[in-house]
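K.L.:
For reference, the structure I am asking about is given below.
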Protein chains: 2
Amino acid sequence: MANSSLPVQHVQATRKDVGRYAGVSTAVVSYVVNDVPNKVAPATRERVLEAIAVLGYRPNAAARALKLGSTEMIGLVVQESSNPYFAKLAREVEDVVDELGYAMLLTNSGGVLAKERRHVRNFASRQVDGVLLASTLAEPDLSELDAAGIPVVLLDRAHPLPGRASVGVDFAEGARTGVAHLVEHGHQVIGLVMGTDSNGRYDEREVGWLRALREAGLPEGPIVRSDFTRSGGYAAGARMIEMANRPTAIFVSSDMQAIGVLRALHEAGLSVPEDIAVVSFDGSPESEYSTPGLTTIKQPVQAMAAAAVKALLSKDGPREHQQFPTELVIRRSCGCTPEPGI
Amino acid sequence: MANSSLPVQHVQATRKDVGRYAGVSTAVVSYVVNDVPNKVAPATRERVLEAIAVLGYRPNAAARALKLGSTEMIGLVVQESSNPYFAKLAREVEDVVDELGYAMLLTNSGGVLAKERRHVRNFASRQVDGVLLASTLAEPDLSELDAAGIPVVLLDRAHPLPGRASVGVDFAEGARTGVAHLVEHGHQVIGLVMGTDSNGRYDEREVGWLRALREAGLPEGPIVRSDFTRSGGYAAGARMIEMANRPTAIFVSSDMQAIGVLRALHEAGLSVPEDIAVVSFDGSPESEYSTPGLTTIKQPVQAMAAAAVKALLSKDGPREHQQFPTELVIRRSCGCTPEPGI
DNA sequence: CTGAAAGCGCTAACAT
DNA sequence: ATGTTAGCGCTTTCAG
């Protein structure tokens, strides 16, 4: 049993205490703590290390940050970190920054400009070494960061923003691929479930859907817009099957919405893919376990996270847009009926 | 078009610059920045405010933290932040700390003691004002935090840890309720899908399952242990239906696993709830959209997050365990077949 | 109401 | 190889 008595030793040892205990100056303590090579004699080093252990010394990151101008923290702002897509993104980011000895500050913007700005400002104030911004906004407000000289990289971008580092997939091409796959299955009326208009930006997935239809000489199918949520997808699915020209296939702009669409179709007594086929976008883990499994356009989240962090933290990282390929992951919902194994 | 030219003004203004510009001392700047009442004349205040605006001054949090000994950050360590349950938990925590002007550092332990310890240590070094620890470990290593005088509150605890603040639900009672519900449906053989043994701690959900069985005078059903993941649940489900005494109902220790179980049953051509009924634990959003919808024991995540943060940040917050009630959320998987609406 | 100044814990010249 | 020391930007007494 370890902690029967309460913590007592609230007094944190500083480098000075360590120095005194080991009989050296604070500089030497610094050298051993920071592993500066060829600076301190092995014997001295040992003494210092012991003093550190005995006194339970822990460097004060705030002081270090003040001195060095680097907090070794990065900030990540997403719209909604409980959304599986963003949760995965955040997870991957955390993984790579942790590897680099950095810590991750996470905040949610809810897609609201004012909130996004507030968080970005807050990050700037906290002297983070960089911020990763998964902004909905076409022209996010980066002035605070620029003024503070803090690097940013934009996530989930479809297009380059001049002079900015960003990463993203080709949403249009990904969507086009998905819809083209539906066309190959022989569908003639292919609907679209889209997210609600994100602050005036035209969603590239809609472009891709349209492009695939045009290429196939097919007419525009019905469009329903809803939130990027399960319940949004549910509502959209319900609306979709009420439409005059009910589609035989639907392209859905995110897995989350697709989960809701699936449920709406199921409740209406429609089978997927027999009555209506579905292809969605993102490739999040939950798409694998829905009923039926979702055929989806997968984004390489891990690779993007790694690239984003690298661009953010490397001195003079790329100031361009890095575009990643999507992958068509085939499961049952499109009508391909692969073997049921996972 | 805002940012055609690249950031130039990398020199951050300090309080000194502001003071000089406004013709006051740095102390006065501090007073206005921190809104110290009755300290500065309205006119002066205006001048300072203008100087701040003109120079784009932003307080340096590192310096402030060093001086004050408070970073206004809290650290949260979970096992896997992409797990919907933890993602939701993190989201709720972020919400409440943000409200309080704090920032949240998030890390993943993967349930590995060494990693957990490393992160906790790192948090201590970063001078966070408190850490929230969703530890798997029965006796997490809190010595670093104690030594640094940093408060901790434990999340997801079933039992009090003497002298420690913690929050959690009564896992045993929650599980008992779920299993009892299955008993009411007339099931005689009720299996259990449990998580893999978490570092030697006996999971209370197993206790609850057993208790319900005993109370009903029923024999112990089959037990399968697997990871707390969708694929873990899938494997467990597959194993479960191969067992000699195949159960007619299964209690699953987490929604995530239940999603996998559902899939395994579906692929085996078994209907839920007709052939096998399922009740699970957590009450995460995805449980609502599975096929069929999962009857589940819901944890009040938001309330727990709020209580945890409050206990963490309030001076002399409660050092006890706060236990929250679970709620049986009925959907189709148990056999109650409610109306299909969402 | 405003200013001067000490000091938080650390790093990195520079001196020894 | 080790010590001395000047700040990093901020808060906050204490004097004026």
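Residues in the structure tokens are named by chain (A, B, ... in the order shown) and by number from 1 within that chain; ligands are numbered from 1 in the order shown.
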Tell me as a PDB file with C-alpha atoms (C1' of nucleotides), in the first residue's frame which residues belonging to chain D come within 10 Å of chain A, counting only C-alpha atoms (C1' of nucleotides).
P.N.:
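Below you can see selection-v5.pdb, which holds the result:
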```pdb
ATOM      1  C1'  DA D   1      35.205  20.956 -16.024  1.00  0.00           C
ATOM      2  C1'  DT D   2      32.754  24.192 -13.380  1.00  0.00           C
ATOM      3  C1'  DG D   3      31.000  28.755 -11.736  1.00  0.00           C
ATOM      4  C1'  DT D   4      28.853  33.458 -12.407  1.00  0.00           C
ATOM      5  C1'  DG D   7      18.045  38.062 -18.624  1.00  0.00           C
ATOM      6  C1'  DC D   8      13.232  35.599 -20.625  1.00  0.00           C
ATOM      7  C1'  DG D   9       8.041  38.430 -19.420  1.00  0.00           C
TER       8       DG D   9
END
```
K.L.:
Pull out every residue of chain B sitting within 7 Å of chain A, counting only C-alpha atoms, and send them as a PyMOL selection string.
P.N.:
chain B and resi 7+9-10+12+58-63+65-66+81-82+84+87-88+91+94+103-107+125-127+146-149+259-260+263+267+289-291+340
K.L.:
Kindly save the residues from that selection, with C-alpha atoms included, as a CSV table (one decimal), in the first residue's frame.
P.N.:
```csv
chain,number,residue,atom,x,y,z
B,7,PRO,CA,4.1,37.2,-41.8
B,9,GLN,CA,6.1,41.0,-37.5
B,10,HIS,CA,7.7,38.2,-35.6
B,12,GLN,CA,6.2,40.0,-30.0
B,58,ARG,CA,-0.5,39.3,-26.3
B,59,PRO,CA,0.4,38.3,-22.7
B,60,ASN,CA,3.0,35.6,-22.5
B,61,ALA,CA,1.5,32.7,-20.7
B,62,ALA,CA,4.8,31.0,-19.9
B,63,ALA,CA,6.0,34.1,-18.0
B,65,ALA,CA,2.9,30.7,-15.3
B,66,LEU,CA,6.4,31.0,-14.0
B,81,SER,CA,-8.9,8.7,-27.1
B,82,SER,CA,-10.3,7.4,-30.4
B,84,PRO,CA,-15.9,6.7,-28.6
B,87,ALA,CA,-13.6,10.6,-27.0
B,88,LYS,CA,-16.9,11.6,-25.4
B,91,ARG,CA,-15.0,16.2,-25.2
B,94,GLU,CA,-12.7,20.0,-22.6
B,103,ALA,CA,-6.8,24.4,-21.5
B,104,MET,CA,-6.6,20.7,-21.8
B,105,LEU,CA,-3.6,18.5,-22.6
B,106,LEU,CA,-4.6,15.1,-23.8
B,107,THR,CA,-2.6,11.9,-23.9
B,125,SER,CA,6.9,18.8,-15.3
B,126,ARG,CA,4.6,21.0,-17.4
B,127,GLN,CA,3.2,22.4,-14.2
B,146,ASP,CA,1.9,14.1,-5.0
B,147,ALA,CA,5.5,15.2,-4.8
B,148,ALA,CA,4.7,18.1,-7.1
B,149,GLY,CA,1.6,19.0,-5.1
B,259,ILE,CA,-21.0,-3.6,-32.0
B,260,GLY,CA,-18.6,-6.4,-32.9
B,263,ARG,CA,-21.7,-8.2,-36.4
B,267,GLU,CA,-22.8,-13.0,-40.1
B,289,TYR,CA,-27.5,3.6,-34.4
B,290,SER,CA,-26.4,0.0,-34.5
B,291,THR,CA,-28.6,-2.7,-36.0
B,340,PRO,CA,-38.3,2.3,-34.4
```
K.L.:
Could you write out, as a VMD selection string, all the residues of range 92-170 of chain A that DSSP marks as helix (DSSP H, G or I)?
P.N.:
chain A and resid 92 to 99 113 to 125 143 to 148
K.L.:
Would you write out those residues with C-alpha atoms, as a short mmCIF file (atom, residue, chain, number, x, y, z; two decimals), in the first residue's frame?
P.N.:
```cif
data_model
loop_
_atom_site.label_atom_id
_atom_site.label_comp_id
_atom_site.auth_asym_id
_atom_site.auth_seq_id
_atom_site.Cartn_x
_atom_site.Cartn_y
_atom_site.Cartn_z
CA GLU A 92 -2.89 10.22 -34.64
CA VAL A 93 -1.65 13.71 -34.05
CA GLU A 94 -1.12 12.99 -30.39
CA ASP A 95 0.84 9.93 -31.29
CA VAL A 96 3.30 11.70 -33.49
CA VAL A 97 3.78 14.79 -31.35
CA ASP A 98 4.24 12.65 -28.27
CA GLU A 99 6.94 10.78 -30.10
CA LEU A 113 -15.77 31.20 -36.29
CA ALA A 114 -15.81 33.12 -33.04
CA LYS A 115 -14.88 30.06 -31.06
CA GLU A 116 -12.21 29.05 -33.48
CA ARG A 117 -10.70 32.49 -33.26
CA ARG A 118 -10.85 32.48 -29.51
CA HIS A 119 -9.04 29.18 -29.29
CA VAL A 120 -6.43 30.15 -31.79
CA ARG A 121 -5.84 33.33 -29.88
CA ASN A 122 -5.61 31.39 -26.70
CA PHE A 123 -3.06 29.06 -28.21
CA ALA A 124 -1.02 32.01 -29.35
CA SER A 125 -1.08 33.40 -25.87
CA SER A 143 -3.62 36.89 -38.22
CA GLU A 144 -3.05 36.31 -34.52
CA LEU A 145 -0.78 33.42 -35.25
CA ASP A 146 1.09 35.30 -37.92
CA ALA A 147 1.60 38.22 -35.64
CA ALA A 148 2.95 35.94 -32.97
#
```
K.L.:
Please, which residues in chain C fall within 12 Å of chain A when counting only C-alpha atoms (C1' of nucleotides), and what is the closest atom pair and distance in Å to one decimal for each, ordered by chain then residue number, as a tab-separated table?
P.N.:
```
residue	atom	partner	partner_atom	distance
C:DC8	C1'	A:Ala63	CA	7.9
C:DG9	C1'	A:Ala63	CA	5.0
C:DC10	C1'	A:Arg64	CA	5.1
C:DT11	C1'	A:Lys67	CA	6.6
C:DA12	C1'	A:Ala27	CA	8.8
C:DA13	C1'	A:Ala27	CA	11.4
```
K.L.:
Out of range 147-270 of chain B, which residues get strand (DSSP E or B) from DSSP, as a PyMOL selection string?
P.N.:
chain B and resi 152-154+165-169+190-195+198+201+223-226+249-252
